[in-house]
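*Asks:* See work-v4.txt below, with compact mmCIF, N, CA and C atoms.
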# COMPACT_ATOMS: atom_id res chain seq x y z
N MET A 18 12.67 74.91 -11.84
CA MET A 18 12.78 73.82 -12.79
C MET A 18 11.46 73.56 -13.50
N PRO A 19 10.27 73.80 -12.87
CA PRO A 19 9.03 73.58 -13.59
C PRO A 19 8.95 74.40 -14.86
N ALA A 20 9.51 75.63 -14.86
CA ALA A 20 9.49 76.44 -16.07
C ALA A 20 10.30 75.78 -17.17
N VAL A 21 11.42 75.17 -16.81
CA VAL A 21 12.24 74.47 -17.79
C VAL A 21 11.46 73.29 -18.35
N LEU A 22 10.79 72.55 -17.49
CA LEU A 22 10.01 71.41 -17.95
C LEU A 22 8.86 71.86 -18.83
N ALA A 23 8.26 72.99 -18.51
CA ALA A 23 7.17 73.50 -19.33
C ALA A 23 7.67 73.84 -20.72
N LEU A 24 8.87 74.37 -20.80
CA LEU A 24 9.44 74.70 -22.10
C LEU A 24 9.63 73.47 -22.97
N PHE A 25 9.91 72.35 -22.34
CA PHE A 25 10.20 71.13 -23.06
C PHE A 25 9.04 70.14 -22.99
N GLY A 26 7.86 70.63 -22.69
CA GLY A 26 6.69 69.76 -22.51
C GLY A 26 6.40 68.90 -23.72
N GLY A 27 6.58 69.41 -24.92
CA GLY A 27 6.28 68.66 -26.13
C GLY A 27 7.47 67.94 -26.71
N CYS A 28 8.54 67.87 -25.98
CA CYS A 28 9.77 67.25 -26.46
C CYS A 28 9.83 65.79 -26.06
N SER A 29 10.64 65.07 -26.77
CA SER A 29 10.83 63.66 -26.44
C SER A 29 11.67 63.53 -25.17
N LYS A 30 11.73 62.32 -24.64
CA LYS A 30 12.52 62.05 -23.45
C LYS A 30 13.99 62.38 -23.71
N THR A 31 14.48 62.04 -24.90
CA THR A 31 15.87 62.33 -25.24
C THR A 31 16.13 63.83 -25.23
N ASP A 32 15.20 64.60 -25.78
CA ASP A 32 15.35 66.05 -25.78
C ASP A 32 15.37 66.60 -24.36
N LYS A 33 14.50 66.05 -23.51
CA LYS A 33 14.46 66.50 -22.12
C LYS A 33 15.75 66.12 -21.40
N ASP A 34 16.26 64.92 -21.67
CA ASP A 34 17.53 64.50 -21.06
C ASP A 34 18.67 65.41 -21.51
N ASN A 35 18.67 65.74 -22.80
CA ASN A 35 19.71 66.63 -23.33
C ASN A 35 19.59 68.01 -22.70
N ALA A 36 18.37 68.51 -22.55
CA ALA A 36 18.16 69.81 -21.92
C ALA A 36 18.63 69.79 -20.48
N ALA A 37 18.33 68.71 -19.78
CA ALA A 37 18.77 68.59 -18.39
C ALA A 37 20.29 68.57 -18.30
N ALA A 38 20.93 67.90 -19.26
CA ALA A 38 22.40 67.85 -19.28
C ALA A 38 22.97 69.24 -19.53
N VAL A 39 22.34 70.01 -20.42
CA VAL A 39 22.80 71.37 -20.71
C VAL A 39 22.66 72.24 -19.47
N VAL A 40 21.53 72.11 -18.78
CA VAL A 40 21.33 72.88 -17.55
C VAL A 40 22.41 72.52 -16.52
N GLN A 41 22.72 71.24 -16.39
CA GLN A 41 23.75 70.81 -15.45
C GLN A 41 25.11 71.36 -15.85
N ASP A 42 25.43 71.33 -17.15
CA ASP A 42 26.70 71.89 -17.63
C ASP A 42 26.81 73.37 -17.31
N ILE A 43 25.70 74.10 -17.47
CA ILE A 43 25.69 75.52 -17.18
C ILE A 43 25.93 75.75 -15.69
N LYS A 44 25.30 74.94 -14.85
CA LYS A 44 25.50 75.06 -13.41
C LYS A 44 26.96 74.81 -13.04
N VAL A 45 27.56 73.77 -13.62
CA VAL A 45 28.96 73.45 -13.32
C VAL A 45 29.87 74.56 -13.80
N THR A 46 29.62 75.06 -15.01
CA THR A 46 30.45 76.13 -15.56
C THR A 46 30.33 77.38 -14.70
N ALA A 47 29.14 77.67 -14.24
CA ALA A 47 28.92 78.86 -13.42
C ALA A 47 29.64 78.75 -12.08
N THR A 48 29.73 77.55 -11.55
CA THR A 48 30.38 77.40 -10.25
C THR A 48 31.88 77.16 -10.38
N ASP A 49 32.35 76.78 -11.55
CA ASP A 49 33.77 76.51 -11.74
C ASP A 49 34.50 77.76 -12.23
N THR A 50 34.69 78.68 -11.30
CA THR A 50 35.50 79.86 -11.56
C THR A 50 36.43 80.02 -10.36
N TRP A 51 37.54 80.67 -10.58
CA TRP A 51 38.49 80.86 -9.50
C TRP A 51 37.82 81.60 -8.33
N ASP A 52 37.06 82.64 -8.64
CA ASP A 52 36.43 83.41 -7.58
C ASP A 52 35.47 82.56 -6.73
N SER A 53 34.87 81.56 -7.35
CA SER A 53 33.92 80.74 -6.60
C SER A 53 34.60 79.71 -5.70
N ILE A 54 35.87 79.42 -5.95
CA ILE A 54 36.53 78.37 -5.16
C ILE A 54 37.73 78.87 -4.36
N LYS A 55 38.17 80.09 -4.60
CA LYS A 55 39.43 80.57 -4.01
C LYS A 55 39.44 80.56 -2.49
N ASP A 56 38.28 80.66 -1.87
CA ASP A 56 38.23 80.71 -0.41
C ASP A 56 37.88 79.37 0.22
N PHE A 57 37.89 78.30 -0.56
CA PHE A 57 37.58 76.99 0.00
C PHE A 57 38.61 76.63 1.08
N THR A 58 38.12 76.09 2.16
CA THR A 58 38.98 75.66 3.25
C THR A 58 39.43 74.22 3.00
N PHE A 59 40.29 73.75 3.85
CA PHE A 59 40.79 72.38 3.72
C PHE A 59 39.65 71.37 3.73
N GLU A 60 38.62 71.65 4.50
CA GLU A 60 37.48 70.73 4.57
C GLU A 60 36.81 70.53 3.20
N ARG A 61 37.01 71.47 2.31
CA ARG A 61 36.41 71.38 0.96
C ARG A 61 37.48 71.11 -0.10
N HIS A 62 38.59 70.51 0.31
CA HIS A 62 39.71 70.31 -0.62
C HIS A 62 39.35 69.43 -1.81
N ASP A 63 38.50 68.44 -1.61
CA ASP A 63 38.11 67.59 -2.74
C ASP A 63 37.33 68.39 -3.78
N GLU A 64 36.41 69.23 -3.32
CA GLU A 64 35.64 70.07 -4.24
C GLU A 64 36.55 71.06 -4.97
N PHE A 65 37.50 71.62 -4.22
CA PHE A 65 38.44 72.58 -4.81
C PHE A 65 39.23 71.93 -5.94
N LYS A 66 39.80 70.77 -5.63
CA LYS A 66 40.62 70.07 -6.62
C LYS A 66 39.78 69.66 -7.83
N ALA A 67 38.57 69.17 -7.60
CA ALA A 67 37.70 68.77 -8.71
C ALA A 67 37.35 69.97 -9.59
N SER A 68 37.09 71.10 -8.98
CA SER A 68 36.78 72.31 -9.75
C SER A 68 37.96 72.75 -10.60
N ILE A 69 39.15 72.76 -10.02
CA ILE A 69 40.35 73.13 -10.78
C ILE A 69 40.56 72.16 -11.93
N GLU A 70 40.36 70.89 -11.69
CA GLU A 70 40.54 69.90 -12.75
C GLU A 70 39.52 70.11 -13.87
N ARG A 71 38.27 70.42 -13.52
CA ARG A 71 37.26 70.70 -14.57
C ARG A 71 37.62 71.96 -15.34
N MET A 72 38.06 73.00 -14.63
CA MET A 72 38.44 74.24 -15.29
C MET A 72 39.62 74.00 -16.24
N SER A 73 40.58 73.22 -15.79
CA SER A 73 41.75 72.91 -16.61
C SER A 73 41.35 72.10 -17.84
N LYS A 74 40.47 71.15 -17.64
CA LYS A 74 40.00 70.31 -18.76
C LYS A 74 39.31 71.18 -19.81
N SER A 75 38.55 72.14 -19.35
CA SER A 75 37.87 73.04 -20.28
C SER A 75 38.90 73.81 -21.13
N LEU A 76 39.93 74.34 -20.49
CA LEU A 76 40.97 75.04 -21.25
C LEU A 76 41.72 74.08 -22.17
N ASP A 77 41.99 72.87 -21.68
CA ASP A 77 42.66 71.87 -22.52
C ASP A 77 41.85 71.60 -23.78
N ASP A 78 40.53 71.50 -23.63
CA ASP A 78 39.67 71.27 -24.79
C ASP A 78 39.75 72.43 -25.78
N HIS A 79 39.77 73.66 -25.25
CA HIS A 79 39.89 74.82 -26.13
C HIS A 79 41.24 74.84 -26.84
N VAL A 80 42.30 74.48 -26.14
CA VAL A 80 43.63 74.45 -26.75
C VAL A 80 43.70 73.35 -27.81
N ALA A 81 43.06 72.23 -27.56
CA ALA A 81 43.02 71.17 -28.57
C ALA A 81 42.33 71.68 -29.83
N ASP A 82 41.27 72.46 -29.67
CA ASP A 82 40.59 73.06 -30.83
C ASP A 82 41.53 74.03 -31.55
N LEU A 83 42.27 74.82 -30.78
CA LEU A 83 43.23 75.75 -31.40
C LEU A 83 44.26 75.00 -32.22
N ARG A 84 44.75 73.90 -31.64
CA ARG A 84 45.76 73.12 -32.36
C ARG A 84 45.17 72.50 -33.63
N ALA A 85 43.94 72.04 -33.55
CA ALA A 85 43.30 71.41 -34.70
C ALA A 85 43.06 72.42 -35.82
N LYS A 86 42.78 73.64 -35.44
CA LYS A 86 42.48 74.68 -36.43
C LYS A 86 43.72 75.38 -36.94
N ALA A 87 44.85 75.18 -36.25
CA ALA A 87 46.09 75.85 -36.65
C ALA A 87 46.56 75.32 -38.00
N PRO A 88 47.11 76.17 -38.82
CA PRO A 88 47.64 75.69 -40.10
C PRO A 88 48.80 74.73 -39.89
N ALA A 89 49.08 73.92 -40.88
CA ALA A 89 50.14 72.91 -40.79
C ALA A 89 51.47 73.55 -40.42
N VAL A 90 51.74 74.69 -40.99
CA VAL A 90 52.98 75.39 -40.66
C VAL A 90 52.58 76.59 -39.81
N ALA A 91 52.54 76.37 -38.51
CA ALA A 91 52.10 77.42 -37.61
C ALA A 91 53.19 78.47 -37.45
N ALA A 92 52.75 79.67 -37.19
CA ALA A 92 53.70 80.75 -36.93
C ALA A 92 54.46 80.45 -35.65
N SER A 93 55.70 80.87 -35.61
CA SER A 93 56.52 80.57 -34.45
C SER A 93 55.94 81.18 -33.17
N ASP A 94 55.23 82.32 -33.28
CA ASP A 94 54.60 82.92 -32.10
C ASP A 94 53.54 81.97 -31.53
N LYS A 95 52.75 81.38 -32.40
CA LYS A 95 51.70 80.47 -31.95
C LYS A 95 52.31 79.21 -31.34
N GLU A 96 53.36 78.69 -31.97
CA GLU A 96 54.03 77.51 -31.43
C GLU A 96 54.60 77.80 -30.04
N ALA A 97 55.21 78.97 -29.90
CA ALA A 97 55.78 79.35 -28.59
C ALA A 97 54.67 79.50 -27.55
N ALA A 98 53.56 80.09 -27.95
CA ALA A 98 52.44 80.27 -27.02
C ALA A 98 51.86 78.93 -26.60
N LEU A 99 51.74 78.00 -27.53
CA LEU A 99 51.22 76.67 -27.19
C LEU A 99 52.20 75.90 -26.31
N LYS A 100 53.50 76.07 -26.55
CA LYS A 100 54.49 75.43 -25.69
C LYS A 100 54.41 75.99 -24.28
N GLU A 101 54.25 77.30 -24.18
CA GLU A 101 54.12 77.92 -22.86
C GLU A 101 52.87 77.39 -22.15
N TYR A 102 51.78 77.20 -22.90
CA TYR A 102 50.57 76.63 -22.29
C TYR A 102 50.87 75.22 -21.76
N ASP A 103 51.54 74.42 -22.57
CA ASP A 103 51.87 73.06 -22.14
C ASP A 103 52.74 73.06 -20.88
N ASP A 104 53.72 73.98 -20.83
CA ASP A 104 54.58 74.09 -19.66
C ASP A 104 53.79 74.54 -18.44
N ALA A 105 52.92 75.53 -18.65
CA ALA A 105 52.11 76.03 -17.53
C ALA A 105 51.15 74.96 -17.04
N ARG A 106 50.61 74.20 -17.96
CA ARG A 106 49.68 73.12 -17.60
C ARG A 106 50.40 72.04 -16.80
N ALA A 107 51.64 71.72 -17.20
CA ALA A 107 52.43 70.73 -16.45
C ALA A 107 52.71 71.23 -15.04
N ASP A 108 52.99 72.52 -14.91
CA ASP A 108 53.23 73.12 -13.60
C ASP A 108 51.96 73.04 -12.74
N LEU A 109 50.82 73.31 -13.34
CA LEU A 109 49.56 73.21 -12.61
C LEU A 109 49.30 71.77 -12.16
N LYS A 110 49.58 70.85 -13.04
CA LYS A 110 49.38 69.44 -12.70
C LYS A 110 50.24 69.06 -11.48
N ALA A 111 51.49 69.50 -11.47
CA ALA A 111 52.37 69.22 -10.33
C ALA A 111 51.85 69.89 -9.06
N SER A 112 51.34 71.11 -9.20
CA SER A 112 50.78 71.82 -8.04
C SER A 112 49.56 71.09 -7.50
N LEU A 113 48.78 70.49 -8.39
CA LEU A 113 47.60 69.75 -7.95
C LEU A 113 47.99 68.47 -7.21
N VAL A 114 49.09 67.86 -7.62
CA VAL A 114 49.58 66.69 -6.88
C VAL A 114 49.96 67.11 -5.46
N ASP A 115 50.68 68.23 -5.35
CA ASP A 115 51.04 68.75 -4.03
C ASP A 115 49.80 69.09 -3.22
N LEU A 116 48.81 69.66 -3.87
CA LEU A 116 47.57 70.00 -3.20
C LEU A 116 46.87 68.74 -2.67
N GLY A 117 46.91 67.69 -3.47
CA GLY A 117 46.31 66.43 -3.05
C GLY A 117 46.98 65.84 -1.83
N ASN A 118 48.25 66.16 -1.64
CA ASN A 118 49.00 65.67 -0.49
C ASN A 118 48.98 66.64 0.69
N ALA A 119 48.31 67.77 0.52
CA ALA A 119 48.31 68.79 1.56
C ALA A 119 47.53 68.33 2.79
N THR A 120 47.97 68.81 3.92
CA THR A 120 47.28 68.60 5.19
C THR A 120 46.59 69.91 5.55
N ALA A 121 45.85 69.90 6.61
CA ALA A 121 45.20 71.13 7.06
C ALA A 121 46.26 72.21 7.32
N ASP A 122 47.42 71.82 7.80
CA ASP A 122 48.49 72.77 8.09
C ASP A 122 49.17 73.33 6.84
N THR A 123 49.22 72.55 5.77
CA THR A 123 49.92 72.98 4.56
C THR A 123 48.96 73.43 3.46
N TRP A 124 47.66 73.39 3.74
CA TRP A 124 46.63 73.71 2.74
C TRP A 124 46.82 75.11 2.15
N ALA A 125 46.98 76.10 2.99
CA ALA A 125 47.07 77.48 2.50
C ALA A 125 48.23 77.65 1.53
N ASP A 126 49.40 77.10 1.86
CA ASP A 126 50.55 77.21 0.97
C ASP A 126 50.33 76.47 -0.33
N ALA A 127 49.74 75.29 -0.24
CA ALA A 127 49.49 74.50 -1.45
C ALA A 127 48.48 75.23 -2.35
N LYS A 128 47.50 75.86 -1.75
CA LYS A 128 46.49 76.58 -2.53
C LYS A 128 47.08 77.81 -3.19
N VAL A 129 48.02 78.48 -2.52
CA VAL A 129 48.71 79.64 -3.12
C VAL A 129 49.48 79.19 -4.36
N LYS A 130 50.14 78.04 -4.27
CA LYS A 130 50.89 77.52 -5.43
C LYS A 130 49.95 77.17 -6.58
N VAL A 131 48.80 76.59 -6.26
CA VAL A 131 47.83 76.28 -7.30
C VAL A 131 47.31 77.57 -7.92
N ALA A 132 47.06 78.57 -7.10
CA ALA A 132 46.58 79.86 -7.62
C ALA A 132 47.57 80.46 -8.61
N ALA A 133 48.85 80.43 -8.26
CA ALA A 133 49.88 80.97 -9.15
C ALA A 133 49.96 80.14 -10.44
N ALA A 134 49.89 78.84 -10.30
CA ALA A 134 49.94 77.97 -11.48
C ALA A 134 48.71 78.17 -12.35
N TRP A 135 47.55 78.33 -11.74
CA TRP A 135 46.31 78.54 -12.49
C TRP A 135 46.39 79.86 -13.26
N HIS A 136 46.91 80.90 -12.62
CA HIS A 136 47.06 82.19 -13.28
C HIS A 136 47.99 82.06 -14.49
N ARG A 137 49.07 81.34 -14.32
CA ARG A 137 50.01 81.12 -15.43
C ARG A 137 49.33 80.40 -16.58
N VAL A 138 48.51 79.40 -16.28
CA VAL A 138 47.78 78.66 -17.32
C VAL A 138 46.83 79.60 -18.06
N GLN A 139 46.13 80.44 -17.32
CA GLN A 139 45.19 81.37 -17.96
C GLN A 139 45.91 82.35 -18.87
N VAL A 140 47.01 82.89 -18.42
CA VAL A 140 47.79 83.83 -19.24
C VAL A 140 48.29 83.13 -20.50
N ALA A 141 48.81 81.93 -20.32
CA ALA A 141 49.32 81.15 -21.47
C ALA A 141 48.19 80.85 -22.45
N TYR A 142 47.02 80.51 -21.93
CA TYR A 142 45.88 80.24 -22.80
C TYR A 142 45.49 81.51 -23.57
N ASP A 143 45.42 82.62 -22.86
CA ASP A 143 45.07 83.89 -23.52
C ASP A 143 46.05 84.21 -24.64
N ASN A 144 47.34 83.99 -24.40
CA ASN A 144 48.35 84.24 -25.43
C ASN A 144 48.21 83.28 -26.61
N ALA A 145 47.90 82.04 -26.32
CA ALA A 145 47.76 81.04 -27.39
C ALA A 145 46.51 81.27 -28.22
N SER A 146 45.47 81.85 -27.61
CA SER A 146 44.23 82.00 -28.34
C SER A 146 44.15 83.30 -29.14
N LYS A 147 45.20 84.11 -29.07
CA LYS A 147 45.22 85.38 -29.84
C LYS A 147 45.49 85.12 -31.29
Kindly transcribe the structure held in the file into structure tokens.
*Replies:*
Amino acid sequence: MPAVLALFGGCSKTDKDNAAAVVQDIKVTATDTWDSIKDFTFERHDEFKASIERMSKSLDDHVADLRAKAPAVAASDKEAALKEYDDARADLKASLVDLGNATADTWADAKVKVAAAWHRVQVAYDNASK
């Protein structure tokens, strides 16, 4: 971190705060991947759920940008892809509710359902962003 501070030595406090926020965002983004959380045990269920929610929010933000940039009369393929994303996202949301209610005994099954729902959301997002 001293190297980061040295880079911003001549910057204002606001610039340093913004730089610190960017560094924190990068750290969160780097840790919020399926591979980084897939092996979380029940003891880390809160972290797992929070990571999935951040990852989902990030995709939701990208989809909102896609919708904003889409022409007024969108092609039916794009509309279908966005509807599939919405359906997949709703499925993920339901899976997260089940995950929140999971016990140590039901954790593995709930996590498998979230994994399948997350994969569906990613595929739907990829199709919508083409």
*Asks:* Looking at only C-alpha atoms, which of A:Asp82, A:Asp143, A:Asp122, A:Asp77 is the one that sits closest to Ala107 in chain A?
*Replies:*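 Among the listed residues, A:Asp77 lies closest to Ala107 in chain A.
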*Asks:* Suppose you want the space between CA of Ala134 in chain A and CA of Ala85 in chain A; what is it in Å?
*Replies:*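 Computed distance, CA of Ala134 in chain A to CA of Ala85 in chain A, equals 25.0 Å.
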*Asks:* Can you tell me which residues surround range 137-139 of chain A at a distance of at most 8 Å, considering only N, CA and C atoms, apart from same-chain residues fewer than 2 positions away, and format the answer as a ChimeraX atom specification?
*Replies:* /A:101-107,109,131-135,141-145
*Asks:* To one decimal place in Å, what is the distance between CA of Ala121 in chain A and CA of Asp108 in chain A?
*Replies:* 22.3 Å
*Asks:* CA of Ala97 in chain A and CA of Leu116 in chain A, how far apart in Å?
*Replies:* 28.3 Å
*Asks:* Go through A:Lys55, A:Lys130, A:Arg71, A:Arg84 one by one, measure the shortest atom-to-atom distance of each to Glu96 in chain A using only C-alpha atoms, and give the residue with the smallest value.
*Replies:*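 For Glu96 in chain A, the nearest of the candidates is A:Arg84.
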